[in-house]
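Student: Below is work_27.json; it holds JSON, N, CA and C atoms and all ligand atoms.
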[["chain", "number", "residue", "atom", "x", "y", "z"],
["A", 1, "MET", "N", 15.93, 2.04, -17.17],
["A", 1, "MET", "CA", 14.67, 1.56, -16.59],
["A", 1, "MET", "C", 14.20, 2.54, -15.51],
["A", 2, "ALA", "N", 13.01, 3.02, -15.68],
["A", 2, "ALA", "CA", 12.49, 4.00, -14.72],
["A", 2, "ALA", "C", 12.02, 3.30, -13.45],
["A", 3, "ASP", "N", 12.29, 3.90, -12.33],
["A", 3, "ASP", "CA", 11.78, 3.38, -11.07],
["A", 3, "ASP", "C", 10.40, 3.98, -10.86],
["A", 4, "VAL", "N", 9.39, 3.15, -10.99],
["A", 4, "VAL", "CA", 8.01, 3.61, -10.84],
["A", 4, "VAL", "C", 7.65, 3.61, -9.37],
["A", 5, "VAL", "N", 7.06, 4.69, -8.91],
["A", 5, "VAL", "CA", 6.59, 4.80, -7.54],
["A", 5, "VAL", "C", 5.18, 5.36, -7.60],
["A", 6, "LYS", "N", 4.23, 4.62, -7.01],
["A", 6, "LYS", "CA", 2.85, 5.08, -7.03],
["A", 6, "LYS", "C", 2.34, 5.24, -5.61],
["A", 7, "ASN", "N", 1.47, 6.23, -5.43],
["A", 7, "ASN", "CA", 0.92, 6.55, -4.11],
["A", 7, "ASN", "C", -0.58, 6.38, -4.12],
["A", 8, "TYR", "N", -1.09, 5.80, -3.04],
["A", 8, "TYR", "CA", -2.53, 5.60, -2.90],
["A", 8, "TYR", "C", -2.91, 6.03, -1.49],
["A", 9, "THR", "N", -3.82, 6.98, -1.38],
["A", 9, "THR", "CA", -4.14, 7.50, -0.05],
["A", 9, "THR", "C", -5.62, 7.38, 0.26],
["A", 10, "ASN", "N", -5.90, 7.30, 1.54],
["A", 10, "ASN", "CA", -7.30, 7.38, 1.98],
["A", 10, "ASN", "C", -7.54, 8.69, 2.75],
["A", 11, "GLY", "N", -6.58, 9.58, 2.65],
["A", 11, "GLY", "CA", -6.68, 10.85, 3.36],
["A", 11, "GLY", "C", -6.07, 10.79, 4.75],
["A", 12, "GLU", "N", -5.77, 9.58, 5.21],
["A", 12, "GLU", "CA", -5.21, 9.38, 6.55],
["A", 12, "GLU", "C", -3.80, 8.79, 6.44],
["A", 13, "ILE", "N", -3.69, 7.78, 5.60],
["A", 13, "ILE", "CA", -2.38, 7.17, 5.33],
["A", 13, "ILE", "C", -2.17, 7.14, 3.83],
["A", 14, "THR", "N", -0.91, 7.03, 3.43],
["A", 14, "THR", "CA", -0.59, 6.90, 2.01],
["A", 14, "THR", "C", 0.27, 5.67, 1.82],
["A", 15, "VAL", "N", -0.25, 4.76, 1.02],
["A", 15, "VAL", "CA", 0.50, 3.54, 0.68],
["A", 15, "VAL", "C", 1.33, 3.84, -0.57],
["A", 16, "VAL", "N", 2.61, 3.51, -0.48],
["A", 16, "VAL", "CA", 3.52, 3.70, -1.61],
["A", 16, "VAL", "C", 3.82, 2.33, -2.20],
["A", 17, "TRP", "N", 3.68, 2.22, -3.52],
["A", 17, "TRP", "CA", 3.95, 0.95, -4.18],
["A", 17, "TRP", "C", 5.05, 1.13, -5.21],
["A", 18, "GLN", "N", 6.05, 0.28, -5.12],
["A", 18, "GLN", "CA", 7.15, 0.29, -6.08],
["A", 18, "GLN", "C", 7.13, -1.06, -6.82],
["A", 19, "PRO", "N", 6.46, -1.09, -7.97],
["A", 19, "PRO", "CA", 6.24, -2.36, -8.65],
["A", 19, "PRO", "C", 7.52, -3.12, -8.99],
["A", 20, "ASP", "N", 8.60, -2.41, -9.22],
["A", 20, "ASP", "CA", 9.84, -3.11, -9.57],
["A", 20, "ASP", "C", 10.35, -3.99, -8.43],
["A", 21, "LYS", "N", 9.91, -3.69, -7.20],
["A", 21, "LYS", "CA", 10.37, -4.47, -6.05],
["A", 21, "LYS", "C", 9.46, -5.66, -5.74],
["A", 22, "CYS", "N", 8.27, -5.67, -6.33],
["A", 22, "CYS", "CA", 7.27, -6.68, -5.97],
["A", 22, "CYS", "C", 7.74, -8.07, -6.38],
["A", 23, "VAL", "N", 7.66, -9.02, -5.46],
["A", 23, "VAL", "CA", 8.04, -10.40, -5.76],
["A", 23, "VAL", "C", 6.81, -11.29, -5.90],
["A", 24, "HIS", "N", 5.65, -10.67, -5.94],
["A", 24, "HIS", "CA", 4.39, -11.39, -6.21],
["A", 24, "HIS", "C", 4.14, -12.52, -5.21],
["A", 25, "SER", "N", 4.41, -12.22, -3.96],
["A", 25, "SER", "CA", 4.15, -13.20, -2.91],
["A", 25, "SER", "C", 2.66, -13.36, -2.65],
["A", 26, "ALA", "N", 1.89, -12.38, -3.04],
["A", 26, "ALA", "CA", 0.42, -12.38, -2.86],
["A", 26, "ALA", "C", -0.01, -12.16, -1.42],
["A", 27, "ASN", "N", 0.93, -11.90, -0.53],
["A", 27, "ASN", "CA", 0.56, -11.65, 0.87],
["A", 27, "ASN", "C", -0.50, -10.56, 0.98],
["A", 28, "CYS", "N", -0.31, -9.50, 0.23],
["A", 28, "CYS", "CA", -1.18, -8.34, 0.40],
["A", 28, "CYS", "C", -2.61, -8.67, 0.03],
["A", 29, "PHE", "N", -2.83, -9.24, -1.14],
["A", 29, "PHE", "CA", -4.23, -9.47, -1.51],
["A", 29, "PHE", "C", -4.82, -10.72, -0.88],
["A", 30, "ARG", "N", -4.01, -11.59, -0.36],
["A", 30, "ARG", "CA", -4.56, -12.70, 0.43],
["A", 30, "ARG", "C", -5.04, -12.19, 1.80],
["A", 31, "ASN", "N", -4.29, -11.27, 2.37],
["A", 31, "ASN", "CA", -4.61, -10.81, 3.72],
["A", 31, "ASN", "C", -5.64, -9.70, 3.76],
["A", 32, "LEU", "N", -5.72, -8.89, 2.71],
["A", 32, "LEU", "CA", -6.67, -7.77, 2.74],
["A", 32, "LEU", "C", -7.16, -7.48, 1.30],
["A", 33, "PRO", "N", -7.98, -8.37, 0.77],
["A", 33, "PRO", "CA", -8.40, -8.22, -0.63],
["A", 33, "PRO", "C", -9.30, -7.02, -0.87],
["A", 34, "SER", "N", -9.91, -6.47, 0.17],
["A", 34, "SER", "CA", -10.73, -5.28, -0.04],
["A", 34, "SER", "C", -9.89, -4.07, -0.41],
["A", 35, "VAL", "N", -8.64, -4.08, -0.01],
["A", 35, "VAL", "CA", -7.74, -2.96, -0.32],
["A", 35, "VAL", "C", -6.80, -3.30, -1.48],
["A", 36, "PHE", "N", -6.26, -4.51, -1.45],
["A", 36, "PHE", "CA", -5.28, -4.91, -2.46],
["A", 36, "PHE", "C", -5.94, -5.90, -3.41],
["A", 37, "ASN", "N", -6.29, -5.41, -4.59],
["A", 37, "ASN", "CA", -7.02, -6.26, -5.54],
["A", 37, "ASN", "C", -6.48, -6.02, -6.95],
["A", 38, "PRO", "N", -5.60, -6.92, -7.40],
["A", 38, "PRO", "CA", -4.99, -6.70, -8.71],
["A", 38, "PRO", "C", -5.96, -6.76, -9.87],
["A", 39, "ARG", "N", -7.20, -7.17, -9.63],
["A", 39, "ARG", "CA", -8.17, -7.28, -10.73],
["A", 39, "ARG", "C", -8.87, -5.96, -11.02],
["A", 40, "ILE", "N", -8.67, -4.97, -10.16],
["A", 40, "ILE", "CA", -9.32, -3.69, -10.42],
["A", 40, "ILE", "C", -8.29, -2.58, -10.50],
["A", 41, "ASN", "N", -8.70, -1.46, -10.99],
["A", 41, "ASN", "CA", -7.80, -0.33, -11.18],
["A", 41, "ASN", "C", -8.38, 0.92, -10.51],
["A", 42, "PRO", "N", -7.68, 1.58, -9.61],
["A", 42, "PRO", "CA", -6.35, 1.23, -9.15],
["A", 42, "PRO", "C", -6.39, 0.00, -8.24],
["A", 43, "TRP", "N", -5.31, -0.75, -8.22],
["A", 43, "TRP", "CA", -5.34, -2.03, -7.52],
["A", 43, "TRP", "C", -5.23, -1.89, -6.01],
["A", 44, "ILE", "N", -4.82, -0.71, -5.52],
["A", 44, "ILE", "CA", -4.77, -0.45, -4.08],
["A", 44, "ILE", "C", -5.84, 0.59, -3.74],
["A", 45, "GLN", "N", -6.77, 0.22, -2.87],
["A", 45, "GLN", "CA", -7.88, 1.10, -2.52],
["A", 45, "GLN", "C", -7.92, 1.26, -0.99],
["A", 46, "PRO", "N", -7.08, 2.15, -0.45],
["A", 46, "PRO", "CA", -6.91, 2.24, 1.01],
["A", 46, "PRO", "C", -8.18, 2.67, 1.76],
["A", 47, "HIS", "N", -9.14, 3.23, 1.04],
["A", 47, "HIS", "CA", -10.36, 3.67, 1.73],
["A", 47, "HIS", "C", -11.29, 2.49, 2.03],
["A", 48, "ASN", "N", -10.95, 1.30, 1.58],
["A", 48, "ASN", "CA", -11.84, 0.15, 1.77],
["A", 48, "ASN", "C", -11.61, -0.62, 3.07],
["A", 49, "ALA", "N", -10.75, -0.13, 3.95],
["A", 49, "ALA", "CA", -10.51, -0.80, 5.23],
["A", 49, "ALA", "C", -9.99, 0.22, 6.22],
["A", 50, "ASP", "N", -9.98, -0.19, 7.48],
["A", 50, "ASP", "CA", -9.38, 0.68, 8.50],
["A", 50, "ASP", "C", -7.90, 0.87, 8.18],
["A", 51, "SER", "N", -7.40, 2.04, 8.45],
["A", 51, "SER", "CA", -5.99, 2.31, 8.18],
["A", 51, "SER", "C", -5.09, 1.32, 8.91],
["A", 52, "ALA", "N", -5.48, 0.93, 10.12],
["A", 52, "ALA", "CA", -4.63, 0.01, 10.89],
["A", 52, "ALA", "C", -4.49, -1.34, 10.19],
["A", 53, "GLU", "N", -5.56, -1.79, 9.57],
["A", 53, "GLU", "CA", -5.50, -3.07, 8.83],
["A", 53, "GLU", "C", -4.57, -2.94, 7.64],
["A", 54, "THR", "N", -4.69, -1.84, 6.93],
["A", 54, "THR", "CA", -3.84, -1.63, 5.76],
["A", 54, "THR", "C", -2.38, -1.50, 6.17],
["A", 55, "ILE", "N", -2.13, -0.78, 7.24],
["A", 55, "ILE", "CA", -0.75, -0.62, 7.72],
["A", 55, "ILE", "C", -0.14, -1.98, 8.04],
["A", 56, "ALA", "N", -0.92, -2.86, 8.68],
["A", 56, "ALA", "CA", -0.40, -4.18, 9.06],
["A", 56, "ALA", "C", 0.02, -4.96, 7.82],
["A", 57, "VAL", "N", -0.77, -4.87, 6.76],
["A", 57, "VAL", "CA", -0.44, -5.61, 5.54],
["A", 57, "VAL", "C", 0.77, -4.98, 4.86],
["A", 58, "VAL", "N", 0.82, -3.67, 4.83],
["A", 58, "VAL", "CA", 1.98, -3.00, 4.21],
["A", 58, "VAL", "C", 3.26, -3.43, 4.93],
["A", 59, "LEU", "N", 3.20, -3.47, 6.26],
["A", 59, "LEU", "CA", 4.40, -3.84, 7.02],
["A", 59, "LEU", "C", 4.77, -5.30, 6.80],
["A", 60, "GLY", "N", 3.81, -6.10, 6.35],
["A", 60, "GLY", "CA", 4.07, -7.52, 6.10],
["A", 60, "GLY", "C", 4.55, -7.82, 4.69],
["A", 61, "CYS", "N", 4.66, -6.82, 3.86],
["A", 61, "CYS", "CA", 5.13, -7.04, 2.48],
["A", 61, "CYS", "C", 6.60, -7.47, 2.55],
["A", 62, "PRO", "N", 6.91, -8.65, 2.01],
["A", 62, "PRO", "CA", 8.26, -9.19, 2.19],
["A", 62, "PRO", "C", 9.33, -8.52, 1.34],
["A", 63, "SER", "N", 8.94, -7.79, 0.33],
["A", 63, "SER", "CA", 9.92, -7.27, -0.62],
["A", 63, "SER", "C", 10.25, -5.80, -0.43],
["A", 64, "GLY", "N", 9.42, -5.11, 0.34],
["A", 64, "GLY", "CA", 9.58, -3.67, 0.43],
["A", 64, "GLY", "C", 8.89, -2.93, -0.69],
["A", 65, "ALA", "N", 8.12, -3.65, -1.51],
["A", 65, "ALA", "CA", 7.38, -2.99, -2.59],
["A", 65, "ALA", "C", 6.30, -2.09, -2.02],
["A", 66, "LEU", "N", 5.73, -2.48, -0.90],
["A", 66, "LEU", "CA", 4.73, -1.66, -0.21],
["A", 66, "LEU", "C", 5.37, -0.98, 0.98],
["A", 67, "THR", "N", 5.22, 0.31, 1.06],
["A", 67, "THR", "CA", 5.69, 1.07, 2.21],
["A", 67, "THR", "C", 4.65, 2.14, 2.51],
["A", 68, "LEU", "N", 4.89, 2.87, 3.56],
["A", 68, "LEU", "CA", 4.00, 3.96, 3.92],
["A", 68, "LEU", "C", 4.74, 5.28, 3.74],
["A", 69, "ALA", "N", 4.06, 6.24, 3.16],
["A", 69, "ALA", "CA", 4.66, 7.57, 3.05],
["A", 69, "ALA", "C", 4.75, 8.16, 4.46],
["A", 70, "PRO", "N", 5.77, 8.95, 4.71],
["A", 70, "PRO", "CA", 5.85, 9.61, 6.01],
["A", 70, "PRO", "C", 4.61, 10.45, 6.22],
["A", 71, "PRO", "N", 4.07, 10.46, 7.44],
["A", 71, "PRO", "CA", 2.89, 11.27, 7.69],
["A", 71, "PRO", "C", 3.19, 12.73, 7.44],
["A", 72, "SER", "N", 2.21, 13.43, 6.91],
["A", 72, "SER", "CA", 2.40, 14.87, 6.75],
["A", 72, "SER", "C", 2.37, 15.52, 8.11],
["A", 73, "ASN", "N", 2.94, 16.69, 8.21],
["A", 73, "ASN", "CA", 3.01, 17.36, 9.49],
["A", 73, "ASN", "C", 1.61, 17.66, 10.02],
["A", 74, "PRO", "N", 1.35, 17.26, 11.24],
["A", 74, "PRO", "CA", 0.05, 17.64, 11.80],
["A", 74, "PRO", "C", -0.04, 19.15, 11.91],
["A", 75, "SER", "N", -1.22, 19.66, 11.77],
["A", 75, "SER", "CA", -1.34, 21.10, 11.85],
["A", 75, "SER", "C", -0.97, 21.58, 13.26],
["A", 76, "ALA", "N", -0.16, 22.57, 13.29],
["A", 76, "ALA", "CA", 0.31, 23.09, 14.56],
["A", 76, "ALA", "C", -0.83, 23.74, 15.31],
["A", 77, "ASP", "N", -0.77, 23.64, 16.62],
["A", 77, "ASP", "CA", -1.85, 24.20, 17.43],
["A", 77, "ASP", "C", -1.29, 25.31, 18.29],
["B", 1, "LIG", "S1", 2.88, -8.33, -0.47],
["B", 1, "LIG", "FE1", 4.39, -7.02, -1.48],
["B", 1, "LIG", "S2", 5.67, -8.41, -2.67],
["B", 1, "LIG", "FE2", 3.77, -9.51, -2.16],
["B", 1, "LIG", "S3", 2.40, -9.16, -3.93],
["B", 1, "LIG", "FE3", 1.96, -7.58, -2.40],
["B", 1, "LIG", "S4", 3.25, -5.85, -3.03],
["B", 1, "LIG", "FE4", 4.07, -7.64, -4.06]]
Could I get this file's structure written as structure tokens?

Tutor:
Amino acid sequence: MADVVKNYTNGEITVVWQPDKCVHSANCFRNLPSVFNPRINPWIQPHNADSAETIAVVLGCPSGALTLAPPSNPSAD
């Protein structure tokens, strides 16, 4: 069984989704349906809300199916 890992970015943050871990609690699309909408494809649209709102929902995912990719290195100055 392949471990599927999908990434969705708004250019600022990247939401990582691991469907095999999802327990279908519905927390994500109840709390932020503009970003998490299983009726459309792709079902995660991080550009539809402030990154802070999306981060809060990702951190509230009870299964660990939603996580955040480590931030890329800021450009050195
Ligand atoms: S909050 Fe997490 S476990 Fe619940 S439906 Fe969304 S991705 Fe799946």

Student: Run DSSP on the backbone of this structure and report the residues of chain A it assigns to strand (DSSP E or B), as a VMD selection string.

Tutor: chain A and resid 6 to 9 14 to 17 36 44 66 to 68

Student: Any chance you could export the current selection's N, CA and C atoms as a compact mmCIF listing (two decimals), in the frame of the given file?

Tutor:
# COMPACT_ATOMS: atom_id res chain seq x y z
N LYS A 6 4.23 4.62 -7.01
CA LYS A 6 2.85 5.08 -7.03
C LYS A 6 2.34 5.24 -5.61
N ASN A 7 1.47 6.23 -5.43
CA ASN A 7 0.92 6.55 -4.11
C ASN A 7 -0.58 6.38 -4.12
N TYR A 8 -1.09 5.80 -3.04
CA TYR A 8 -2.53 5.60 -2.90
C TYR A 8 -2.91 6.03 -1.49
N THR A 9 -3.82 6.98 -1.38
CA THR A 9 -4.14 7.50 -0.05
C THR A 9 -5.62 7.38 0.26
N THR A 14 -0.91 7.03 3.43
CA THR A 14 -0.59 6.90 2.01
C THR A 14 0.27 5.67 1.82
N VAL A 15 -0.25 4.76 1.02
CA VAL A 15 0.50 3.54 0.68
C VAL A 15 1.33 3.84 -0.57
N VAL A 16 2.61 3.51 -0.48
CA VAL A 16 3.52 3.70 -1.61
C VAL A 16 3.82 2.33 -2.20
N TRP A 17 3.68 2.22 -3.52
CA TRP A 17 3.95 0.95 -4.18
C TRP A 17 5.05 1.13 -5.21
N PHE A 36 -6.26 -4.51 -1.45
CA PHE A 36 -5.28 -4.91 -2.46
C PHE A 36 -5.94 -5.90 -3.41
N ILE A 44 -4.82 -0.71 -5.52
CA ILE A 44 -4.77 -0.45 -4.08
C ILE A 44 -5.84 0.59 -3.74
N LEU A 66 5.73 -2.48 -0.90
CA LEU A 66 4.73 -1.66 -0.21
C LEU A 66 5.37 -0.98 0.98
N THR A 67 5.22 0.31 1.06
CA THR A 67 5.69 1.07 2.21
C THR A 67 4.65 2.14 2.51
N LEU A 68 4.89 2.87 3.56
CA LEU A 68 4.00 3.96 3.92
C LEU A 68 4.74 5.28 3.74

Student: List every residue of chain A that has an atom at most 6.5 Å from any atom of ligand LIG 1 (chain B), giving for each one its closest atom pair and the distance in Å to one decimal, counting all atoms listed in the file, sorted by chain and then by ascending residue number, as a Markdown table.

Tutor:
| residue | atom | partner | partner_atom | distance |
| --- | --- | --- | --- | --- |
| A:Lys21 | C | B:LIG1 | S2 | 5.6 |
| A:Cys22 | CA | B:LIG1 | FE4 | 3.8 |
| A:Val23 | N | B:LIG1 | S2 | 3.5 |
| A:His24 | CA | B:LIG1 | S3 | 3.8 |
| A:Ser25 | N | B:LIG1 | FE2 | 3.3 |
| A:Ala26 | N | B:LIG1 | S3 | 3.4 |
| A:Asn27 | N | B:LIG1 | FE2 | 4.1 |
| A:Cys28 | N | B:LIG1 | S1 | 3.5 |
| A:Phe29 | N | B:LIG1 | FE3 | 5.2 |
| A:Gly60 | C | B:LIG1 | S1 | 5.4 |
| A:Cys61 | CA | B:LIG1 | S1 | 3.9 |
| A:Pro62 | N | B:LIG1 | FE1 | 4.6 |
| A:Ser63 | N | B:LIG1 | S2 | 4.5 |
| A:Gly64 | N | B:LIG1 | FE1 | 5.7 |
| A:Ala65 | C | B:LIG1 | S4 | 4.9 |
| A:Leu66 | N | B:LIG1 | S4 | 4.7 |

Student: Just the number, please: distance in Å from atom C of A:Ala56 to atom N of A:Leu68, one decimal.

Tutor: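 Those two atoms sit 10.2 Å apart.
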
Student: Between A:Thr14, A:Ile44, A:Thr9, A:Pro19, single out the one closest to A:Ala69, counting all atoms listed in the file.

Tutor: A:Thr14

Student: Between atom C of A:Pro46 and atom CA of A:Asn10, what is the distance, to one decimal in Å?

Tutor: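 If I compute the distance from atom C of A:Pro46 to atom CA of A:Asn10, I get 4.8 Å.
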
Student: What parts of stretch 1-52 of chain A does DSSP call alpha helix (DSSP H)? I'd like the answer as a ChimeraX atom specification.

Tutor: /A:27-31,51-52

Student: Find the axis-aligned box for stretch 57-70 of chain A, covering all its listed atoms and adding 8 Å on each side, and write its centre and edge lengths in Å to one decimal as AutoDock Vina command-line options.

Tutor:
--center_x 4.7 --center_y 0.6 --center_z 2.2 --size_x 27.0 --size_y 35.6 --size_z 25.6

Student: Just to confirm, what's the straight-line distance from atom CA of A:Thr54 to atom CA of A:Pro38 in Å (one decimal)?

Tutor: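 If I compute the distance from atom CA of A:Thr54 to atom CA of A:Pro38, I get 15.4 Å.
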
Student: From the set A:Asn31, A:Ala2, A:Val15, A:Val58, which residue has the shortest atom-to-atom contact distance to A:Gln45, counting only C-alpha atoms?

Tutor: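 So, comparing all the options, the nearest one is A:Val15.
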
Student: Ranking A:Arg39, A:Lys6, A:His47, A:Arg30 by minimum distance to A:Gln18 and counting only N, CA and C atoms, which one comes first?

Tutor: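 Using only N, CA and C atoms, A:Gln18 sits closest to A:Lys6.
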
Student: Compare A:Glu53, A:Thr67, A:Tyr8, A:Val16 by their minimum atom-to-atom distance to A:Asn41, counting only C-alpha atoms, and give me the closest one.

Tutor: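 Using only C-alpha atoms, A:Asn41 sits closest to A:Tyr8.
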